[in-house]
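Following: one structure in structure tokens, then a few remarks.
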Amino acid sequence: MRDAAETEELALRAAAGDGAALDALLQKVQPEVVRRCGRFLPCREDAEEAAQDVLLQVSRKITTFEGRSRFSTWLYTVVANCARQKYRELKRRAAEQPVVIDASQHVDPRTTSVIAGSRVDLLEALERLEREHPHLVAPLVYRDICQLEYAEVAERVGIPLGTLKSRLHEARKQVRPWLTDAS
């Protein structure tokens with residue numbers, strides 16, 4: 001608990017323009033950011049790259065943190081956005097620069113790693129959900145991936161708790177068949 005309070009204090013000081021507090025904050029949250037990015041991206045290097053993007057965004061945007069919600073909630077928003085953006089970038093790069101792969105050396109993460117495959121499938125399902133039902137993405141990401149409490153998610157998304165639960169139920173219902181079909 002003391003650790004969380006210390007992080008909150010560092011975040012508030014950094015938001016007020018304290019450079020030393022920002023440096024300490026970035027150093028303190030970096031392992032958690034890498035771990036959280038790893039929940040989205042199956043390749044460790046991609047997760048680490050996304051984590052660097054998160055830390056850069058935090059340093060650039062910390063002044064927008066007003067302390068109305070917990071810093072961890074604000075940080076998870078940045079993590080989710082940067083990790084999903086990194087996935088889109090990687091997917092776009094792969095489409096733009098197709099590489100000729102020797103079929104004998106090509107490895108599909110869905111067949112070699114249950115964890116990596118499920119993450120790729122989840123990212124693709126989130127991308128599809130965003131196209132078809134954009135209002136359902138944030139509740140699903142915050143609750144099921146970032147594992148925030150229901151009340152925290154409702155506050156972050158700016159909707160009543162009952163609406164959040166309804167949207168979360170609908171998001172899970174939409175995504176479930178896509179994830180089942182992928183496996």
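To be explicit about the labels: the chains of the structure tokens are called A, B, and onward in the order shown, and within each one the residues are counted from 1, while ligands get numbers from 1 in the order they are shown.
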
Neighbouring residues of Lys173 in chain A were defined as those with any atom within 12 Å, considering only C-alpha atoms; residues of the same chain fewer than 5 positions away were excluded. Please report them as a ChimeraX atom specification.
/A:125,129,133,136,140,166-168,178-180

Need to verify the contact set: range 54-63 of chain A, 12 Å, only C-alpha atoms, exclusion of same-chain residues closer than 6 positions in sequence. Can you return it as a PyMOL selection string?
chain A and resi 10-37+47-48+71-72+74-86

Output file for the selection above: C-alpha atoms, as a short mmCIF file (atom, residue, chain, number, x, y, z; two decimals), in the first residue's frame:
```cif
data_model
loop_
_atom_site.label_atom_id
_atom_site.label_comp_id
_atom_site.auth_asym_id
_atom_site.auth_seq_id
_atom_site.Cartn_x
_atom_site.Cartn_y
_atom_site.Cartn_z
CA LEU A 10 5.48 10.88 -7.58
CA ALA A 11 2.85 11.12 -10.33
CA LEU A 12 1.27 14.23 -8.82
CA ARG A 13 4.66 15.89 -8.37
CA ALA A 14 5.66 14.95 -11.93
CA ALA A 15 2.36 16.32 -13.26
CA ALA A 16 3.15 19.58 -11.47
CA GLY A 17 6.45 19.81 -13.37
CA ASP A 18 8.94 18.15 -10.99
CA GLY A 19 11.52 16.59 -13.35
CA ALA A 20 13.20 14.53 -10.63
CA ALA A 21 9.81 13.07 -9.66
CA LEU A 22 9.15 12.19 -13.30
CA ASP A 23 12.50 10.39 -13.58
CA ALA A 24 11.80 8.47 -10.37
CA LEU A 25 8.26 7.66 -11.52
CA LEU A 26 9.40 6.32 -14.89
CA GLN A 27 12.03 4.16 -13.24
CA LYS A 28 9.51 2.87 -10.70
CA VAL A 29 6.77 1.93 -13.20
CA GLN A 30 8.97 0.55 -15.98
CA PRO A 31 8.89 -3.14 -14.89
CA GLU A 32 5.10 -3.02 -14.52
CA VAL A 33 4.73 -1.32 -17.90
CA VAL A 34 6.80 -4.03 -19.62
CA ARG A 35 4.74 -6.72 -17.89
CA ARG A 36 1.46 -5.06 -18.89
CA CYS A 37 2.59 -4.62 -22.51
CA ALA A 47 6.37 -5.67 -25.66
CA GLU A 48 9.57 -3.92 -24.63
CA PHE A 71 -2.29 7.11 -11.57
CA SER A 72 -2.32 3.35 -12.20
CA TRP A 74 -4.28 6.55 -16.12
CA LEU A 75 -1.14 4.52 -16.82
CA TYR A 76 -3.12 1.42 -17.89
CA THR A 77 -4.93 3.58 -20.44
CA VAL A 78 -1.61 4.64 -21.91
CA VAL A 79 -0.35 1.02 -21.85
CA ALA A 80 -3.44 -0.31 -23.61
CA ASN A 81 -3.35 2.39 -26.26
CA CYS A 82 0.39 2.07 -26.95
CA ALA A 83 0.36 -1.74 -27.05
CA ARG A 84 -2.59 -1.83 -29.42
CA GLN A 85 -0.95 0.86 -31.56
CA LYS A 86 2.28 -1.16 -31.67
#
```

Using only C-alpha atoms for the distances, tell me which of A:Lys165, A:Arg128, A:Val137, A:Ala4 is nearest to Glu149 in chain A.
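Looking only at the distances to Glu149 in chain A, the closest residue turns out to be A:Lys165.
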
Per DSSP on the backbone, what are the helix (DSSP H, G or I) residues of chain A, as an MDAnalysis selection string?
chainID A and resid 2:15 19:40 44:64 71:96 109:112 114:132 134:145 150:157 161:182

Which one of A:Leu164, A:Asp3, A:Glu8, A:Tyr87 sits closest to Glu124 in chain A if you count only C-alpha atoms?
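Smallest distance to Glu124 in chain A is found for A:Tyr87.
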
What's the 9 Å shell around Ala138 in chain A, counting only C-alpha atoms, without same-chain residues fewer than 4 positions away, as an NGL selection string?
:A and (77 or 134 or 142-143 or 153 or 157 or 168)

What gap, in Å, lies between CA of Gly67 in chain A and CA of Tyr150 in chain A?
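The value is 18.8 Å.
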